[in-house]
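Student: So here's protein_19.txt (compact mmCIF, C-alpha atoms).
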```txt
# COMPACT_ATOMS: atom_id res chain seq x y z
CA GLY A 1 42.40 27.63 4.98
CA ALA A 2 39.55 29.90 5.90
CA VAL A 3 39.21 30.61 9.59
CA VAL A 4 36.27 32.08 11.47
CA SER A 5 36.82 33.29 14.99
CA GLN A 6 33.85 33.44 17.34
CA HIS A 7 33.90 35.03 20.78
CA PRO A 8 33.15 34.47 23.54
CA SER A 9 33.11 30.69 23.66
CA ARG A 10 31.09 30.70 26.87
CA VAL A 11 29.08 33.37 28.59
CA ILE A 12 26.81 33.41 31.60
CA CYS A 13 24.54 36.39 32.06
CA LYS A 14 21.66 37.46 34.23
CA SER A 15 18.11 37.65 32.98
CA GLY A 16 17.33 41.00 31.47
CA THR A 17 20.85 41.80 30.37
CA SER A 18 22.19 41.81 26.81
CA VAL A 19 25.00 39.72 25.40
CA LYS A 20 27.03 40.37 22.27
CA ILE A 21 28.65 37.57 20.28
CA GLU A 22 31.28 38.36 17.67
CA CYS A 23 32.11 36.45 14.53
CA ARG A 24 35.19 37.37 12.52
CA SER A 25 36.54 35.98 9.28
CA LEU A 26 40.29 36.08 9.77
CA ASP A 27 41.77 35.52 6.34
CA PHE A 28 38.98 36.21 3.91
CA GLN A 29 36.20 38.66 3.30
CA ALA A 30 32.72 37.46 4.05
CA THR A 31 29.93 39.45 2.49
CA THR A 32 27.49 36.96 3.94
CA MET A 33 27.53 35.39 7.35
CA PHE A 34 24.98 33.11 8.94
CA TRP A 35 23.85 32.74 12.54
CA TYR A 36 22.59 29.43 13.86
CA ARG A 37 21.14 28.25 17.11
CA GLN A 38 21.58 24.70 18.31
CA PHE A 39 19.64 23.10 21.13
CA PRO A 40 21.12 20.10 22.97
CA LYS A 41 21.26 16.98 20.83
CA GLN A 42 19.61 18.75 17.93
CA SER A 43 20.62 20.09 14.58
CA LEU A 44 21.48 23.66 13.69
CA MET A 45 18.61 26.03 13.13
CA LEU A 46 19.30 29.02 10.90
CA MET A 47 18.32 32.21 12.66
CA ALA A 48 19.38 34.84 10.17
CA THR A 49 21.55 35.70 7.23
CA SER A 50 23.81 38.65 7.83
CA ASN A 51 24.72 40.80 4.84
CA GLU A 52 27.54 43.32 4.97
CA GLY A 53 26.24 46.85 4.84
CA SER A 54 22.58 45.95 4.88
CA LYS A 55 19.92 44.58 7.16
CA ALA A 56 19.96 40.96 8.16
CA THR A 57 17.38 38.56 6.81
CA TYR A 58 15.68 36.69 9.61
CA GLU A 59 14.09 33.28 9.41
CA GLN A 60 10.46 32.87 10.24
CA GLY A 61 9.83 32.87 13.93
CA VAL A 62 13.06 34.60 14.90
CA GLU A 63 12.51 37.92 16.66
CA LYS A 64 14.67 40.52 14.98
CA ASP A 65 14.31 42.96 17.86
CA LYS A 66 15.57 40.36 20.28
CA PHE A 67 18.42 39.02 18.20
CA LEU A 68 20.14 42.06 16.77
CA ILE A 69 22.58 41.41 13.98
CA ASN A 70 25.13 43.89 12.71
CA HIS A 71 27.47 43.24 9.81
CA ALA A 72 29.38 46.48 9.64
CA SER A 73 32.45 45.23 7.80
CA LEU A 74 33.48 42.43 5.48
CA THR A 75 35.12 40.56 8.33
CA LEU A 76 32.85 41.10 11.32
CA SER A 77 29.30 40.23 12.19
CA THR A 78 27.81 40.50 15.66
CA LEU A 79 24.76 38.95 17.26
CA THR A 80 23.33 40.69 20.31
CA VAL A 81 20.82 38.85 22.42
CA THR A 82 18.83 41.60 24.06
CA SER A 83 16.99 41.31 27.36
CA ALA A 84 18.06 37.70 27.65
CA HIS A 85 15.88 35.14 29.35
CA PRO A 86 16.64 31.58 30.45
CA GLU A 87 14.91 30.20 27.35
CA ASP A 88 17.54 31.98 25.25
CA SER A 89 20.17 29.68 26.72
CA SER A 90 21.59 27.76 23.82
CA PHE A 91 24.62 27.16 21.65
CA TYR A 92 25.01 29.84 18.99
CA ILE A 93 27.20 29.26 15.95
CA CYS A 94 28.15 31.59 13.14
CA SER A 95 29.43 30.70 9.72
CA ALA A 96 30.79 32.59 6.76
CA ARG A 97 30.83 31.69 3.13
CA ASP A 98 34.22 31.84 1.50
CA SER A 99 33.49 32.56 -2.13
CA ARG A 100 37.06 31.60 -3.05
CA VAL A 101 36.44 27.94 -2.34
CA GLY A 102 32.67 27.74 -2.36
CA GLY A 103 32.54 26.49 1.19
CA TYR A 104 31.21 27.52 4.54
CA THR A 105 33.48 27.92 7.54
CA PHE A 106 32.06 27.79 11.03
CA GLY A 107 33.03 29.52 14.22
CA SER A 108 33.65 27.44 17.31
CA GLY A 109 30.33 28.41 18.84
CA THR A 110 29.17 30.29 21.92
CA ARG A 111 27.49 28.58 24.84
CA LEU A 112 25.08 31.11 26.32
CA THR A 113 23.60 30.45 29.74
CA VAL A 114 21.06 32.90 31.12
CA VAL A 115 20.44 32.64 34.86
CA ALA B 1 13.44 24.74 -1.59
CA GLN B 2 15.86 22.26 -0.15
CA SER B 3 15.91 19.73 2.64
CA VAL B 4 18.11 17.02 4.08
CA THR B 5 17.20 13.77 5.79
CA GLN B 6 19.70 11.79 7.77
CA LEU B 7 18.50 8.27 8.45
CA GLY B 8 19.43 7.15 11.90
CA SER B 9 19.97 9.66 14.67
CA HIS B 10 22.40 7.22 16.31
CA VAL B 11 24.82 4.80 14.70
CA SER B 12 27.05 2.47 16.66
CA VAL B 13 29.97 0.57 15.16
CA SER B 14 32.92 -1.34 16.49
CA GLU B 15 36.41 0.02 16.14
CA GLY B 16 37.79 -1.07 12.79
CA ALA B 17 34.35 -1.62 11.25
CA LEU B 18 32.87 0.17 8.29
CA VAL B 19 31.16 3.47 8.96
CA LEU B 20 28.10 4.34 6.88
CA LEU B 21 26.08 7.46 7.62
CA ARG B 22 23.13 8.05 5.35
CA CYS B 23 22.02 11.31 3.84
CA ASN B 24 19.27 12.03 1.34
CA TYR B 25 18.51 15.46 0.01
CA SER B 26 16.01 17.38 -2.04
CA SER B 27 16.80 20.52 -3.95
CA SER B 28 15.11 22.48 -6.69
CA VAL B 29 18.49 23.45 -8.17
CA PRO B 30 21.71 21.48 -8.64
CA PRO B 31 22.94 21.13 -5.10
CA TYR B 32 26.16 21.56 -3.30
CA LEU B 33 26.42 18.96 -0.53
CA PHE B 34 28.50 18.92 2.60
CA TRP B 35 29.35 16.71 5.53
CA TYR B 36 30.43 18.29 8.78
CA VAL B 37 31.60 16.81 12.06
CA GLN B 38 30.93 18.37 15.45
CA TYR B 39 32.65 17.49 18.69
CA PRO B 40 31.03 18.46 22.01
CA ASN B 41 30.80 22.19 22.61
CA GLN B 42 32.57 22.99 19.38
CA GLY B 43 31.67 24.39 16.01
CA LEU B 44 31.43 22.40 12.82
CA GLN B 45 34.41 21.12 10.91
CA LEU B 46 34.10 20.42 7.22
CA LEU B 47 34.79 16.79 6.29
CA LEU B 48 34.13 17.05 2.58
CA LYS B 49 31.97 18.74 0.01
CA TYR B 50 30.46 18.04 -3.40
CA THR B 51 30.29 21.01 -5.75
CA SER B 52 29.34 19.40 -9.08
CA ALA B 53 32.75 18.01 -9.96
CA ALA B 54 33.67 14.39 -9.24
CA THR B 55 30.81 12.38 -7.75
CA LEU B 56 33.09 10.50 -5.38
CA VAL B 57 34.47 12.97 -2.93
CA LYS B 58 37.33 12.25 -0.57
CA GLY B 59 37.61 14.20 2.62
CA ILE B 60 39.69 14.42 5.72
CA ASN B 61 40.30 11.67 8.26
CA GLY B 62 39.69 8.91 5.71
CA PHE B 63 36.06 9.79 5.03
CA GLU B 64 34.50 9.85 1.60
CA ALA B 65 31.04 10.32 0.13
CA GLU B 66 29.44 9.57 -3.18
CA PHE B 67 26.91 11.83 -4.85
CA LYS B 68 24.18 9.76 -6.49
CA LYS B 69 21.75 11.97 -8.32
CA SER B 70 19.39 9.11 -9.21
CA GLU B 71 19.04 8.25 -5.53
CA THR B 72 19.32 11.86 -4.27
CA SER B 73 21.84 10.57 -1.79
CA PHE B 74 25.19 11.60 -0.41
CA HIS B 75 26.12 8.90 2.09
CA LEU B 76 29.29 9.21 4.14
CA THR B 77 31.60 6.24 4.55
CA LYS B 78 34.86 5.30 6.16
CA PRO B 79 36.38 1.84 5.76
CA SER B 80 37.62 1.47 9.32
CA ALA B 81 36.26 3.34 12.32
CA HIS B 82 38.55 4.83 14.90
CA MET B 83 37.65 5.76 18.45
CA SER B 84 38.35 9.39 17.62
CA ASP B 85 35.58 9.31 15.00
CA ALA B 86 32.94 9.33 17.73
CA ALA B 87 31.10 12.61 17.22
CA GLU B 88 28.00 14.19 15.71
CA TYR B 89 27.85 14.30 11.93
CA PHE B 90 25.72 16.65 9.89
CA CYS B 91 24.86 16.49 6.23
CA ALA B 92 23.95 19.79 4.61
CA VAL B 93 22.80 21.12 1.25
CA SER B 94 22.99 24.52 -0.35
CA GLY B 95 21.57 25.74 -3.59
CA GLY B 96 24.62 25.56 -5.79
CA GLY B 97 27.01 28.42 -6.38
CA ASN B 98 24.78 31.28 -5.35
CA ALA B 99 26.82 33.22 -2.83
CA GLY B 100 23.79 34.09 -0.79
CA ASN B 101 22.49 30.58 -0.38
CA MET B 102 22.42 29.31 3.13
CA LEU B 103 23.01 25.77 4.28
CA THR B 104 20.16 23.52 5.26
CA PHE B 105 21.16 20.85 7.73
CA GLY B 106 19.95 17.38 8.38
CA GLY B 107 19.03 16.35 11.89
CA GLY B 108 22.45 14.92 12.58
CA THR B 109 23.74 11.44 13.33
CA ARG B 110 25.64 10.62 16.46
CA LEU B 111 28.35 8.10 15.73
CA MET B 112 29.45 5.90 18.60
CA VAL B 113 32.51 3.71 18.28
CA LYS B 114 32.87 0.69 20.54
CA PRO B 115 36.27 -0.66 21.46
```
Show me, as structure tokens, the structure contained in the file I just sent.
Tutor:
Amino acid sequence: GAVVSQHPSRVICKSGTSVKIECRSLDFQATTMFWYRQFPKQSLMLMATSNEGSKATYEQGVEKDKFLINHASLTLSTLTVTSAHPEDSSFYICSARDSRVGGYTFGSGTRLTVV
Amino acid sequence: AQSVTQLGSHVSVSEGALVLLRCNYSSSVPPYLFWYVQYPNQGLQLLLKYTSAATLVKGINGFEAEFKKSETSFHLTKPSAHMSDAAEYFCAVSGGGNAGNMLTFGGGTRLMVKP
């Protein structure tokens, strides 16, 4: 079945630094990928929709200059948290839509801790 | 516009008992509906999905869900709970077969299984 690989699974960074999270579709092409943020004991909040070869579409309230999304190929989307602050600490999850089966496959998530 | 409501943020059952997790949705177009399971610090794993075919959908690990348009519901059931079923469950809706449609998640239900 469809597999989405997300790296890193955990990252700790200092305030003010930037962190890049990668999301790869391993056995299918994903023209659209989605980035979610999940706070402890809460549901997933869609941050942005990443479209291959074009700009991402951000949800209301999500700072596009802080959360940079690049979808340069049909199998890779990246989320860069720029100038991270402790309040950016969260669990970030990507997903990709596999048009072959009409489903959404999720990465394993990235636990970001900003100290 | 679409939304999902999961009744009960916590559900506790005894091992071997029936599991029933409730999900109601609203959608302005014929929906696709999904149930996902999430274990701690992991991504989401698809349990089952409804994509306008059979209204009773069977998924992995003995789970099934029934799409009831008249009730706008898609409740998840399992006849006999196992300890390994303890996890967070999310119901989600997307706007049909449009490749660009994102998922909208319910608030999640934490299932606890007592020995």
Student: For chain A, work out the contacting residues on chain B at 6 Å, counting only C-alpha atoms, and write them as a PyMOL selection string.
Tutor: chain B and resi 42-44+107-108
Student: CA of Leu20 in chain B to CA of Ala87 in chain B: how many Å, to one decimal?
Tutor: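 We find that CA of Leu20 in chain B and CA of Ala87 in chain B lie 13.6 Å from each other.
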Student: So that I can see what lies close to Ile69 in chain A, please list as a list in words the residues with an atom at most 8 Å from it, counting all atoms listed in the file and leaving out residues fewer than 3 positions away in the same chain.
Tutor: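 The neighbour list is Ser50, Lys55, Ala56, Ser77, Thr78, Leu79 and Thr80 of chain A.
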Student: Mind dumping the selected residues with C-alpha atoms as a compact mmCIF listing (two decimals), in the frame of the given file?
Tutor:
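Output file out-v6.txt follows:
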```txt
# COMPACT_ATOMS: atom_id res chain seq x y z
CA SER A 50 23.81 38.65 7.83
CA LYS A 55 19.92 44.58 7.16
CA ALA A 56 19.96 40.96 8.16
CA SER A 77 29.30 40.23 12.19
CA THR A 78 27.81 40.50 15.66
CA LEU A 79 24.76 38.95 17.26
CA THR A 80 23.33 40.69 20.31
```
Student: Excluding His82 in chain B and its own-chain neighbours fewer than 3 positions away, which residues fall within 10 Å of it when counting only C-alpha atoms? Please give them as a ChimeraX atom specification.
Tutor: /B:13-19,61,78-79,85-86,112-115
Student: Please provide the set of residues having any atom within 12 Å of Glu66 in chain B, restricted to only C-alpha atoms, with same-chain residues fewer than 3 positions apart removed, written as a ChimeraX atom specification.
Tutor: /B:20-24,33-35,48-59,63,69-78
Student: Find the residues around Cys13 in chain A up to 9 Å (all atoms listed in the file counted), leave out those fewer than 2 positions away in its own chain, and share them as number ranges by chain.
Tutor: A: 11, 15-19, 84, 112-115
Student: Go ahead and write the selection's residues with C-alpha atoms as an mmCIF file, keeping the file's coordinate frame.
Tutor:
```cif
data_model
loop_
_atom_site.group_PDB
_atom_site.id
_atom_site.type_symbol
_atom_site.label_atom_id
_atom_site.label_comp_id
_atom_site.auth_asym_id
_atom_site.auth_seq_id
_atom_site.Cartn_x
_atom_site.Cartn_y
_atom_site.Cartn_z
ATOM 1 C CA VAL A 11 29.080 33.370 28.590
ATOM 2 C CA SER A 15 18.110 37.650 32.980
ATOM 3 C CA GLY A 16 17.330 41.000 31.470
ATOM 4 C CA THR A 17 20.850 41.800 30.370
ATOM 5 C CA SER A 18 22.190 41.810 26.810
ATOM 6 C CA VAL A 19 25.000 39.720 25.400
ATOM 7 C CA ALA A 84 18.060 37.700 27.650
ATOM 8 C CA LEU A 112 25.080 31.110 26.320
ATOM 9 C CA THR A 113 23.600 30.450 29.740
ATOM 10 C CA VAL A 114 21.060 32.900 31.120
ATOM 11 C CA VAL A 115 20.440 32.640 34.860
#
```
Student: So, counting all atoms listed in the file, which residue among A:Val4, A:Gln38, A:His85, A:Met47 is closest to Gln38 in chain B?
Tutor: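 For Gln38 in chain B, the nearest of the candidates is A:Gln38.
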Student: In Å to one decimal, how far is CA of Asn41 in chain B from CA of Ser73 in chain A?
Tutor: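 Those two atoms sit 27.4 Å apart.
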Student: With distances taken over only C-alpha atoms, which of B:Ser26, B:Thr5, B:Thr104, B:Ser84 is nearest to Tyr39 in chain B?
Tutor: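 Closest to Tyr39 in chain B of all the choices is B:Ser84.
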Student: Tell me, in Å to one decimal, how far CA of Thr75 in chain A is from CA of Ser94 in chain B.
Tutor: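 Result for CA of Thr75 in chain A versus CA of Ser94 in chain B: 21.9 Å, one decimal.
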